[in-house]
Amino acid sequence: MLGLPKSTEFNRRIQKQKFYENLTVSSAMKRVFVEQIRVIWWRNKIAPATMNLAAGETVTEIEVFEVCLSTPQLDETVLRQIDKEIPYHILFLLEYEGKYQAWLAYKEAANSGTNAFKVGSYYHTDWMEEAALPLKLDGLNTDKVYENFVRQIAGEALTSGAGETLKESVERDTHRRELQKQIAALQVKVRRERQLNKQVQLNAELKQLRRRLDNL
């Protein structure tokens, strides 16, 4: 897929039950696996062992999973469940009626001395033809290939400043989203407030939040 080298092809079907049958997951989570997912394919493995790439410091390999859907929407918690179970970075290609979305989480090793990962924010494209997905294998090692995949999918959301690491870009974007939520909630409060003095106070807070957002 994605025009990746033939040496990276894996094309193994994964039984979706593997992600929940031996785990303590809610019945709602199991229902999502059953009702929203038709089949999961492990399409590619991007690693020094499968192509001419140097090993990264934090990313050992990148798996490409094609998740064929029964509905045009998939609960993000399902991808998070899969990401938590597999100690590698995963590029998800969701397929529905011939169209694709690319999904990728910012994922880093947990500070626990195990193979556990912390799964952060997900970024994804719109639905489009596979050939139109904004994904290009770019980088000399697995760290850079992964970073470039995340930035390509995220687009303007992760436009970086000079010398900014991927982690710093993601943290800045996370902070921006939090500020946007706070601003939206405060705007609702302003509209509902009837006392003038409280309106003035809330508008002052709103102005301060907007200034912080503009400075990001």
# chains A, B, ... in the order shown; residues from 1 in each chain; ligands from 1
>>> closest_atom_pairs(of="segment 61-178 of chain A", to="segment 15-24 of chain A", cutoff="8 Å", atoms="only C-alpha atoms", output="CSV")
residue,atom,partner,partner_atom,distance
A:Gln81,CA,A:Phe19,CA,7.3
A:Ile82,CA,A:Phe19,CA,6.4
A:Glu85,CA,A:Phe19,CA,7.3
>>> select_by_dssp(residues="segment 123-206 of chain A", states="helix (DSSP H, G or I)", output="PDB file with N, CA and C atoms, in the first residue's frame")
ATOM      1  N   GLU A 130      -6.991   6.286  -2.022  1.00  0.00           N
ATOM      2  CA  GLU A 130      -5.700   5.910  -1.431  1.00  0.00           C
ATOM      3  C   GLU A 130      -4.546   6.694  -2.052  1.00  0.00           C
ATOM      4  N   ALA A 131      -4.580   6.858  -3.380  1.00  0.00           N
ATOM      5  CA  ALA A 131      -3.486   7.544  -4.071  1.00  0.00           C
ATOM      6  C   ALA A 131      -3.385   9.016  -3.692  1.00  0.00           C
ATOM      7  N   ALA A 132      -4.468   9.581  -3.153  1.00  0.00           N
ATOM      8  CA  ALA A 132      -4.480  10.998  -2.797  1.00  0.00           C
ATOM      9  C   ALA A 132      -4.042  11.255  -1.353  1.00  0.00           C
ATOM     10  N   THR A 142      14.018   5.540  11.004  1.00  0.00           N
ATOM     11  CA  THR A 142      12.614   5.312  11.371  1.00  0.00           C
ATOM     12  C   THR A 142      12.031   6.454  12.199  1.00  0.00           C
ATOM     13  N   ASP A 143      12.866   7.126  12.987  1.00  0.00           N
ATOM     14  CA  ASP A 143      12.374   8.288  13.746  1.00  0.00           C
ATOM     15  C   ASP A 143      11.835   9.364  12.807  1.00  0.00           C
ATOM     16  N   LYS A 144      12.626   9.686  11.773  1.00  0.00           N
ATOM     17  CA  LYS A 144      12.231  10.762  10.859  1.00  0.00           C
ATOM     18  C   LYS A 144      11.065  10.349   9.963  1.00  0.00           C
ATOM     19  N   VAL A 145      11.023   9.095   9.561  1.00  0.00           N
ATOM     20  CA  VAL A 145       9.889   8.632   8.750  1.00  0.00           C
ATOM     21  C   VAL A 145       8.601   8.774   9.547  1.00  0.00           C
ATOM     22  N   TYR A 146       8.640   8.355  10.818  1.00  0.00           N
ATOM     23  CA  TYR A 146       7.460   8.470  11.681  1.00  0.00           C
ATOM     24  C   TYR A 146       7.078   9.936  11.883  1.00  0.00           C
ATOM     25  N   GLU A 147       8.059  10.781  12.190  1.00  0.00           N
ATOM     26  CA  GLU A 147       7.764  12.203  12.395  1.00  0.00           C
ATOM     27  C   GLU A 147       7.130  12.809  11.156  1.00  0.00           C
ATOM     28  N   ASN A 148       7.666  12.484   9.998  1.00  0.00           N
ATOM     29  CA  ASN A 148       7.129  13.060   8.764  1.00  0.00           C
ATOM     30  C   ASN A 148       5.727  12.543   8.463  1.00  0.00           C
ATOM     31  N   PHE A 149       5.449  11.280   8.782  1.00  0.00           N
ATOM     32  CA  PHE A 149       4.088  10.768   8.625  1.00  0.00           C
ATOM     33  C   PHE A 149       3.118  11.563   9.499  1.00  0.00           C
ATOM     34  N   VAL A 150       3.487  11.773  10.761  1.00  0.00           N
ATOM     35  CA  VAL A 150       2.607  12.515  11.673  1.00  0.00           C
ATOM     36  C   VAL A 150       2.365  13.922  11.140  1.00  0.00           C
ATOM     37  N   ARG A 151       3.422  14.602  10.738  1.00  0.00           N
ATOM     38  CA  ARG A 151       3.279  15.983  10.252  1.00  0.00           C
ATOM     39  C   ARG A 151       2.494  16.039   8.945  1.00  0.00           C
ATOM     40  N   GLN A 152       2.692  15.069   8.067  1.00  0.00           N
ATOM     41  CA  GLN A 152       1.953  15.054   6.803  1.00  0.00           C
ATOM     42  C   GLN A 152       0.458  14.884   7.047  1.00  0.00           C
ATOM     43  N   ILE A 153       0.100  14.009   7.976  1.00  0.00           N
ATOM     44  CA  ILE A 153      -1.309  13.767   8.275  1.00  0.00           C
ATOM     45  C   ILE A 153      -1.924  14.959   9.005  1.00  0.00           C
ATOM     46  N   ALA A 154      -1.174  15.524   9.956  1.00  0.00           N
ATOM     47  CA  ALA A 154      -1.704  16.626  10.772  1.00  0.00           C
ATOM     48  C   ALA A 154      -1.803  17.927   9.990  1.00  0.00           C
ATOM     49  N   GLY A 155      -0.940  18.114   8.999  1.00  0.00           N
ATOM     50  CA  GLY A 155      -0.983  19.340   8.197  1.00  0.00           C
ATOM     51  C   GLY A 155      -0.676  20.578   9.024  1.00  0.00           C
ATOM     52  N   GLU A 156      -1.487  21.613   8.869  1.00  0.00           N
ATOM     53  CA  GLU A 156      -1.240  22.896   9.517  1.00  0.00           C
ATOM     54  C   GLU A 156      -1.286  22.816  11.040  1.00  0.00           C
ATOM     55  N   ALA A 157      -1.950  21.807  11.578  1.00  0.00           N
ATOM     56  CA  ALA A 157      -2.059  21.673  13.032  1.00  0.00           C
ATOM     57  C   ALA A 157      -0.688  21.517  13.687  1.00  0.00           C
ATOM     58  N   LEU A 158       0.281  20.963  12.943  1.00  0.00           N
ATOM     59  CA  LEU A 158       1.610  20.749  13.514  1.00  0.00           C
ATOM     60  C   LEU A 158       2.690  21.508  12.755  1.00  0.00           C
ATOM     61  N   LEU A 166       9.095  17.097  17.276  1.00  0.00           N
ATOM     62  CA  LEU A 166       7.725  16.623  17.101  1.00  0.00           C
ATOM     63  C   LEU A 166       6.977  16.680  18.426  1.00  0.00           C
ATOM     64  N   LYS A 167       7.624  16.274  19.501  1.00  0.00           N
ATOM     65  CA  LYS A 167       6.972  16.306  20.812  1.00  0.00           C
ATOM     66  C   LYS A 167       6.560  17.724  21.178  1.00  0.00           C
ATOM     67  N   GLU A 168       7.430  18.693  20.927  1.00  0.00           N
ATOM     68  CA  GLU A 168       7.104  20.088  21.226  1.00  0.00           C
ATOM     69  C   GLU A 168       5.937  20.581  20.376  1.00  0.00           C
ATOM     70  N   SER A 169       5.904  20.165  19.103  1.00  0.00           N
ATOM     71  CA  SER A 169       4.801  20.568  18.217  1.00  0.00           C
ATOM     72  C   SER A 169       3.482  19.991  18.701  1.00  0.00           C
ATOM     73  N   VAL A 170       3.509  18.721  19.109  1.00  0.00           N
ATOM     74  CA  VAL A 170       2.288  18.071  19.593  1.00  0.00           C
ATOM     75  C   VAL A 170       1.826  18.716  20.891  1.00  0.00           C
ATOM     76  N   GLU A 171       2.757  19.015  21.794  1.00  0.00           N
ATOM     77  CA  GLU A 171       2.390  19.661  23.062  1.00  0.00           C
ATOM     78  C   GLU A 171       1.779  21.038  22.812  1.00  0.00           C
ATOM     79  N   ARG A 172       2.339  21.764  21.850  1.00  0.00           N
ATOM     80  CA  ARG A 172       1.808  23.091  21.526  1.00  0.00           C
ATOM     81  C   ARG A 172       0.398  22.969  20.931  1.00  0.00           C
ATOM     82  N   ASP A 173       0.208  21.970  20.061  1.00  0.00           N
ATOM     83  CA  ASP A 173      -1.115  21.760  19.476  1.00  0.00           C
ATOM     84  C   ASP A 173      -2.128  21.332  20.540  1.00  0.00           C
ATOM     85  N   THR A 174      -1.697  20.482  21.475  1.00  0.00           N
ATOM     86  CA  THR A 174      -2.578  20.050  22.565  1.00  0.00           C
ATOM     87  C   THR A 174      -2.995  21.243  23.415  1.00  0.00           C
ATOM     88  N   HIS A 175      -2.028  22.118  23.707  1.00  0.00           N
ATOM     89  CA  HIS A 175      -2.326  23.317  24.485  1.00  0.00           C
ATOM     90  C   HIS A 175      -3.295  24.226  23.719  1.00  0.00           C
ATOM     91  N   ARG A 176      -3.116  24.351  22.406  1.00  0.00           N
ATOM     92  CA  ARG A 176      -4.001  25.170  21.582  1.00  0.00           C
ATOM     93  C   ARG A 176      -5.433  24.624  21.632  1.00  0.00           C
ATOM     94  N   ARG A 177      -5.580  23.304  21.519  1.00  0.00           N
ATOM     95  CA  ARG A 177      -6.912  22.702  21.574  1.00  0.00           C
ATOM     96  C   ARG A 177      -7.573  22.962  22.934  1.00  0.00           C
ATOM     97  N   GLU A 178      -6.787  22.851  24.007  1.00  0.00           N
ATOM     98  CA  GLU A 178      -7.344  23.087  25.345  1.00  0.00           C
ATOM     99  C   GLU A 178      -7.820  24.531  25.486  1.00  0.00           C
ATOM    100  N   LEU A 179      -7.017  25.472  24.972  1.00  0.00           N
ATOM    101  CA  LEU A 179      -7.423  26.878  25.023  1.00  0.00           C
ATOM    102  C   LEU A 179      -8.691  27.118  24.205  1.00  0.00           C
ATOM    103  N   GLN A 180      -8.781  26.487  23.047  1.00  0.00           N
ATOM    104  CA  GLN A 180      -9.973  26.650  22.208  1.00  0.00           C
ATOM    105  C   GLN A 180     -11.224  26.133  22.920  1.00  0.00           C
ATOM    106  N   LYS A 181     -11.090  25.022  23.647  1.00  0.00           N
ATOM    107  CA  LYS A 181     -12.223  24.491  24.417  1.00  0.00           C
ATOM    108  C   LYS A 181     -12.612  25.456  25.541  1.00  0.00           C
ATOM    109  N   GLN A 182     -11.620  26.000  26.225  1.00  0.00           N
ATOM    110  CA  GLN A 182     -11.894  26.945  27.307  1.00  0.00           C
ATOM    111  C   GLN A 182     -12.576  28.200  26.771  1.00  0.00           C
ATOM    112  N   ILE A 183     -12.109  28.686  25.620  1.00  0.00           N
ATOM    113  CA  ILE A 183     -12.704  29.876  25.008  1.00  0.00           C
ATOM    114  C   ILE A 183     -14.158  29.609  24.630  1.00  0.00           C
ATOM    115  N   ALA A 184     -14.424  28.455  24.016  1.00  0.00           N
ATOM    116  CA  ALA A 184     -15.790  28.111  23.611  1.00  0.00           C
ATOM    117  C   ALA A 184     -16.718  28.029  24.827  1.00  0.00           C
ATOM    118  N   ALA A 185     -16.222  27.411  25.915  1.00  0.00           N
ATOM    119  CA  ALA A 185     -17.034  27.288  27.129  1.00  0.00           C
ATOM    120  C   ALA A 185     -17.292  28.657  27.756  1.00  0.00           C
ATOM    121  N   LEU A 186     -16.285  29.531  27.727  1.00  0.00           N
ATOM    122  CA  LEU A 186     -16.426  30.860  28.318  1.00  0.00           C
ATOM    123  C   LEU A 186     -17.374  31.727  27.498  1.00  0.00           C
ATOM    124  N   GLN A 187     -17.352  31.558  26.181  1.00  0.00           N
ATOM    125  CA  GLN A 187     -18.268  32.308  25.327  1.00  0.00           C
ATOM    126  C   GLN A 187     -19.725  31.966  25.656  1.00  0.00           C
ATOM    127  N   VAL A 188     -19.982  30.684  25.943  1.00  0.00           N
ATOM    128  CA  VAL A 188     -21.329  30.268  26.336  1.00  0.00           C
ATOM    129  C   VAL A 188     -21.724  30.944  27.644  1.00  0.00           C
ATOM    130  N   LYS A 189     -20.792  31.000  28.590  1.00  0.00           N
ATOM    131  CA  LYS A 189     -21.075  31.640  29.881  1.00  0.00           C
ATOM    132  C   LYS A 189     -21.394  33.125  29.708  1.00  0.00           C
ATOM    133  N   VAL A 190     -20.652  33.782  28.829  1.00  0.00           N
ATOM    134  CA  VAL A 190     -20.876  35.212  28.582  1.00  0.00           C
ATOM    135  C   VAL A 190     -22.281  35.440  28.029  1.00  0.00           C
ATOM    136  N   ARG A 191     -22.692  34.589  27.098  1.00  0.00           N
ATOM    137  CA  ARG A 191     -24.018  34.750  26.497  1.00  0.00           C
ATOM    138  C   ARG A 191     -25.137  34.522  27.511  1.00  0.00           C
ATOM    139  N   ARG A 192     -24.895  33.650  28.471  1.00  0.00           N
ATOM    140  CA  ARG A 192     -25.932  33.316  29.450  1.00  0.00           C
ATOM    141  C   ARG A 192     -25.961  34.255  30.657  1.00  0.00           C
ATOM    142  N   LEU A 196     -24.216  42.569  34.511  1.00  0.00           N
ATOM    143  CA  LEU A 196     -23.224  43.301  33.731  1.00  0.00           C
ATOM    144  C   LEU A 196     -21.818  43.166  34.294  1.00  0.00           C
ATOM    145  N   ASN A 197     -21.668  43.271  35.626  1.00  0.00           N
ATOM    146  CA  ASN A 197     -20.340  43.217  36.210  1.00  0.00           C
ATOM    147  C   ASN A 197     -19.678  41.853  35.978  1.00  0.00           C
ATOM    148  N   LYS A 198     -20.480  40.773  35.998  1.00  0.00           N
ATOM    149  CA  LYS A 198     -19.923  39.451  35.732  1.00  0.00           C
ATOM    150  C   LYS A 198     -19.602  39.276  34.251  1.00  0.00           C
ATOM    151  N   GLN A 199     -20.418  39.907  33.401  1.00  0.00           N
ATOM    152  CA  GLN A 199     -20.116  39.875  31.971  1.00  0.00           C
ATOM    153  C   GLN A 199     -18.768  40.526  31.682  1.00  0.00           C
ATOM    154  N   VAL A 200     -18.514  41.651  32.341  1.00  0.00           N
ATOM    155  CA  VAL A 200     -17.248  42.357  32.166  1.00  0.00           C
ATOM    156  C   VAL A 200     -16.092  41.472  32.617  1.00  0.00           C
ATOM    157  N   GLN A 201     -16.264  40.805  33.749  1.00  0.00           N
ATOM    158  CA  GLN A 201     -15.223  39.918  34.274  1.00  0.00           C
ATOM    159  C   GLN A 201     -14.952  38.745  33.332  1.00  0.00           C
ATOM    160  N   LEU A 202     -16.021  38.136  32.842  1.00  0.00           N
ATOM    161  CA  LEU A 202     -15.868  37.001  31.929  1.00  0.00           C
ATOM    162  C   LEU A 202     -15.233  37.418  30.614  1.00  0.00           C
ATOM    163  N   ASN A 203     -15.605  38.592  30.111  1.00  0.00           N
ATOM    164  CA  ASN A 203     -15.012  39.081  28.862  1.00  0.00           C
ATOM    165  C   ASN A 203     -13.526  39.372  29.030  1.00  0.00           C
ATOM    166  N   ALA A 204     -13.138  39.814  30.215  1.00  0.00           N
ATOM    167  CA  ALA A 204     -11.722  40.052  30.489  1.00  0.00           C
ATOM    168  C   ALA A 204     -10.952  38.725  30.458  1.00  0.00           C
ATOM    169  N   GLU A 205     -11.550  37.681  31.051  1.00  0.00           N
ATOM    170  CA  GLU A 205     -10.935  36.357  31.021  1.00  0.00           C
ATOM    171  C   GLU A 205     -10.857  35.834  29.593  1.00  0.00           C
ATOM    172  N   LEU A 206     -11.918  36.089  28.834  1.00  0.00           N
ATOM    173  CA  LEU A 206     -11.969  35.648  27.449  1.00  0.00           C
ATOM    174  C   LEU A 206     -10.877  36.320  26.620  1.00  0.00           C
TER     175      LEU A 206
END
>>> select_by_dssp(residues="segment 5-112 of chain A", states="strand (DSSP E or B)", output="JSON, numbers by chain")
{"A": [9, 10, 11, 12, 13, 14, 37, 38, 39, 40, 41, 42, 43, 44, 45, 46, 54, 62, 63, 64, 65, 66, 67, 68, 69, 89, 90, 91, 92, 93, 94, 95, 96, 99, 100, 101, 102, 103, 104, 105, 106, 107, 108, 109]}
>>> closest_residue(among="A:Ala55, A:Ile40, A:Leu91, A:Leu135", to="Trp103 of chain A", atoms="only C-alpha atoms")
A:Leu91
>>> atom_distance(atom1="atom CA of Arg211 of chain A", atom2="atom CA of Tyr106 of chain A")
27.0 Å
>>> closest_residue(among="A:Leu104, A:Ile62, A:Met128, A:Ile14", to="Thr50 of chain A", atoms="only C-alpha atoms")
A:Ile62
>>> atom_distance(atom1="atom CA of Ile86 of chain A", atom2="atom CA of Ala110 of chain A")
13.2 Å
>>> decode(residues="segment 19-65 of chain A", atoms="N, CA and C atoms", output="short mmCIF file (atom, residue, chain, number, x, y, z; two decimals), in the first residue's frame")
data_model
loop_
_atom_site.label_atom_id
_atom_site.label_comp_id
_atom_site.auth_asym_id
_atom_site.auth_seq_id
_atom_site.Cartn_x
_atom_site.Cartn_y
_atom_site.Cartn_z
N PHE A 19 -7.63 -8.48 20.06
CA PHE A 19 -7.48 -7.21 20.77
C PHE A 19 -8.43 -7.06 21.95
N TYR A 20 -9.30 -8.06 22.15
CA TYR A 20 -10.20 -7.91 23.30
C TYR A 20 -10.55 -9.20 24.03
N GLU A 21 -10.37 -10.36 23.42
CA GLU A 21 -10.87 -11.58 24.05
C GLU A 21 -10.14 -11.95 25.33
N ASN A 22 -8.85 -11.60 25.45
CA ASN A 22 -8.08 -11.94 26.65
C ASN A 22 -7.82 -10.72 27.53
N LEU A 23 -8.58 -9.65 27.28
CA LEU A 23 -8.37 -8.42 28.03
C LEU A 23 -9.63 -8.03 28.77
N THR A 24 -9.45 -7.21 29.79
CA THR A 24 -10.59 -6.70 30.52
C THR A 24 -11.06 -5.43 29.84
N VAL A 25 -11.94 -5.58 28.88
CA VAL A 25 -12.49 -4.43 28.17
C VAL A 25 -14.00 -4.45 28.33
N SER A 26 -14.60 -3.30 28.17
CA SER A 26 -16.05 -3.18 28.37
C SER A 26 -16.80 -3.89 27.25
N SER A 27 -18.04 -4.22 27.53
CA SER A 27 -18.89 -4.83 26.50
C SER A 27 -19.12 -3.86 25.35
N ALA A 28 -19.14 -2.56 25.66
CA ALA A 28 -19.30 -1.54 24.62
C ALA A 28 -18.12 -1.56 23.66
N MET A 29 -16.89 -1.74 24.20
CA MET A 29 -15.70 -1.81 23.36
C MET A 29 -15.76 -3.03 22.46
N LYS A 30 -16.15 -4.17 23.01
CA LYS A 30 -16.26 -5.38 22.20
C LYS A 30 -17.29 -5.18 21.08
N ARG A 31 -18.39 -4.49 21.41
CA ARG A 31 -19.44 -4.26 20.43
C ARG A 31 -18.93 -3.42 19.27
N VAL A 32 -18.08 -2.42 19.57
CA VAL A 32 -17.51 -1.58 18.51
C VAL A 32 -16.64 -2.42 17.58
N PHE A 33 -15.80 -3.28 18.14
CA PHE A 33 -14.98 -4.17 17.31
C PHE A 33 -15.85 -5.01 16.40
N VAL A 34 -16.92 -5.55 16.94
CA VAL A 34 -17.78 -6.45 16.18
C VAL A 34 -18.60 -5.70 15.13
N GLU A 35 -19.18 -4.56 15.52
CA GLU A 35 -20.14 -3.87 14.65
C GLU A 35 -19.49 -2.90 13.66
N GLN A 36 -18.37 -2.29 14.02
CA GLN A 36 -17.79 -1.25 13.17
C GLN A 36 -16.62 -1.75 12.30
N ILE A 37 -16.01 -2.87 12.66
CA ILE A 37 -14.85 -3.36 11.92
C ILE A 37 -15.17 -4.68 11.22
N ARG A 38 -14.88 -4.75 9.92
CA ARG A 38 -15.06 -6.00 9.18
C ARG A 38 -13.81 -6.87 9.28
N VAL A 39 -12.67 -6.28 8.99
CA VAL A 39 -11.43 -7.06 8.98
C VAL A 39 -10.24 -6.11 9.18
N ILE A 40 -9.17 -6.64 9.76
CA ILE A 40 -7.93 -5.88 9.96
C ILE A 40 -6.81 -6.60 9.24
N TRP A 41 -6.09 -5.86 8.40
CA TRP A 41 -4.93 -6.41 7.68
C TRP A 41 -3.65 -5.72 8.14
N TRP A 42 -2.64 -6.49 8.42
CA TRP A 42 -1.30 -5.95 8.69
C TRP A 42 -0.61 -5.91 7.34
N ARG A 43 -0.59 -4.73 6.72
CA ARG A 43 -0.16 -4.63 5.33
C ARG A 43 1.35 -4.50 5.16
N ASN A 44 1.99 -3.65 5.97
CA ASN A 44 3.41 -3.37 5.77
C ASN A 44 4.13 -3.25 7.10
N LYS A 45 5.43 -3.52 7.03
CA LYS A 45 6.32 -3.29 8.16
C LYS A 45 7.49 -2.43 7.66
N ILE A 46 7.55 -1.19 8.16
CA ILE A 46 8.63 -0.27 7.76
C ILE A 46 9.70 -0.32 8.83
N ALA A 47 10.85 -0.88 8.49
CA ALA A 47 11.90 -1.10 9.49
C ALA A 47 13.23 -1.28 8.77
N PRO A 48 14.35 -1.13 9.50
CA PRO A 48 15.66 -1.37 8.88
C PRO A 48 15.78 -2.77 8.29
N ALA A 49 15.05 -3.73 8.84
CA ALA A 49 15.13 -5.11 8.35
C ALA A 49 14.39 -5.30 7.04
N THR A 50 13.48 -4.36 6.69
CA THR A 50 12.66 -4.55 5.48
C THR A 50 12.99 -3.56 4.37
N MET A 51 13.80 -2.54 4.67
CA MET A 51 14.18 -1.59 3.63
C MET A 51 15.43 -0.83 4.07
N ASN A 52 15.94 -0.01 3.19
CA ASN A 52 17.19 0.70 3.46
C ASN A 52 16.95 1.91 4.35
N LEU A 53 16.80 1.64 5.65
CA LEU A 53 16.58 2.68 6.65
C LEU A 53 17.48 2.43 7.84
N ALA A 54 17.96 3.50 8.45
CA ALA A 54 18.71 3.36 9.70
C ALA A 54 17.73 3.24 10.86
N ALA A 55 18.17 2.61 11.92
CA ALA A 55 17.33 2.48 13.11
C ALA A 55 17.21 3.84 13.80
N GLY A 56 16.04 4.14 14.31
CA GLY A 56 15.83 5.37 15.07
C GLY A 56 16.12 5.16 16.54
N GLU A 57 16.14 6.24 17.28
CA GLU A 57 16.39 6.15 18.72
C GLU A 57 15.12 5.78 19.48
N THR A 58 13.96 6.22 18.99
CA THR A 58 12.70 5.97 19.70
C THR A 58 11.72 5.13 18.90
N VAL A 59 11.85 5.10 17.59
CA VAL A 59 10.93 4.33 16.74
C VAL A 59 11.70 3.17 16.12
N THR A 60 11.37 1.95 16.54
CA THR A 60 12.09 0.79 16.01
C THR A 60 11.53 0.34 14.67
N GLU A 61 10.19 0.39 14.54
CA GLU A 61 9.57 0.06 13.26
C GLU A 61 8.16 0.65 13.23
N ILE A 62 7.61 0.77 12.04
CA ILE A 62 6.27 1.32 11.84
C ILE A 62 5.43 0.29 11.12
N GLU A 63 4.30 -0.07 11.74
CA GLU A 63 3.40 -1.03 11.11
C GLU A 63 2.30 -0.26 10.37
N VAL A 64 1.89 -0.79 9.25
CA VAL A 64 0.78 -0.21 8.49
C VAL A 64 -0.38 -1.19 8.56
N PHE A 65 -1.46 -0.76 9.23
CA PHE A 65 -2.65 -1.59 9.37
C PHE A 65 -3.77 -1.02 8.52
#
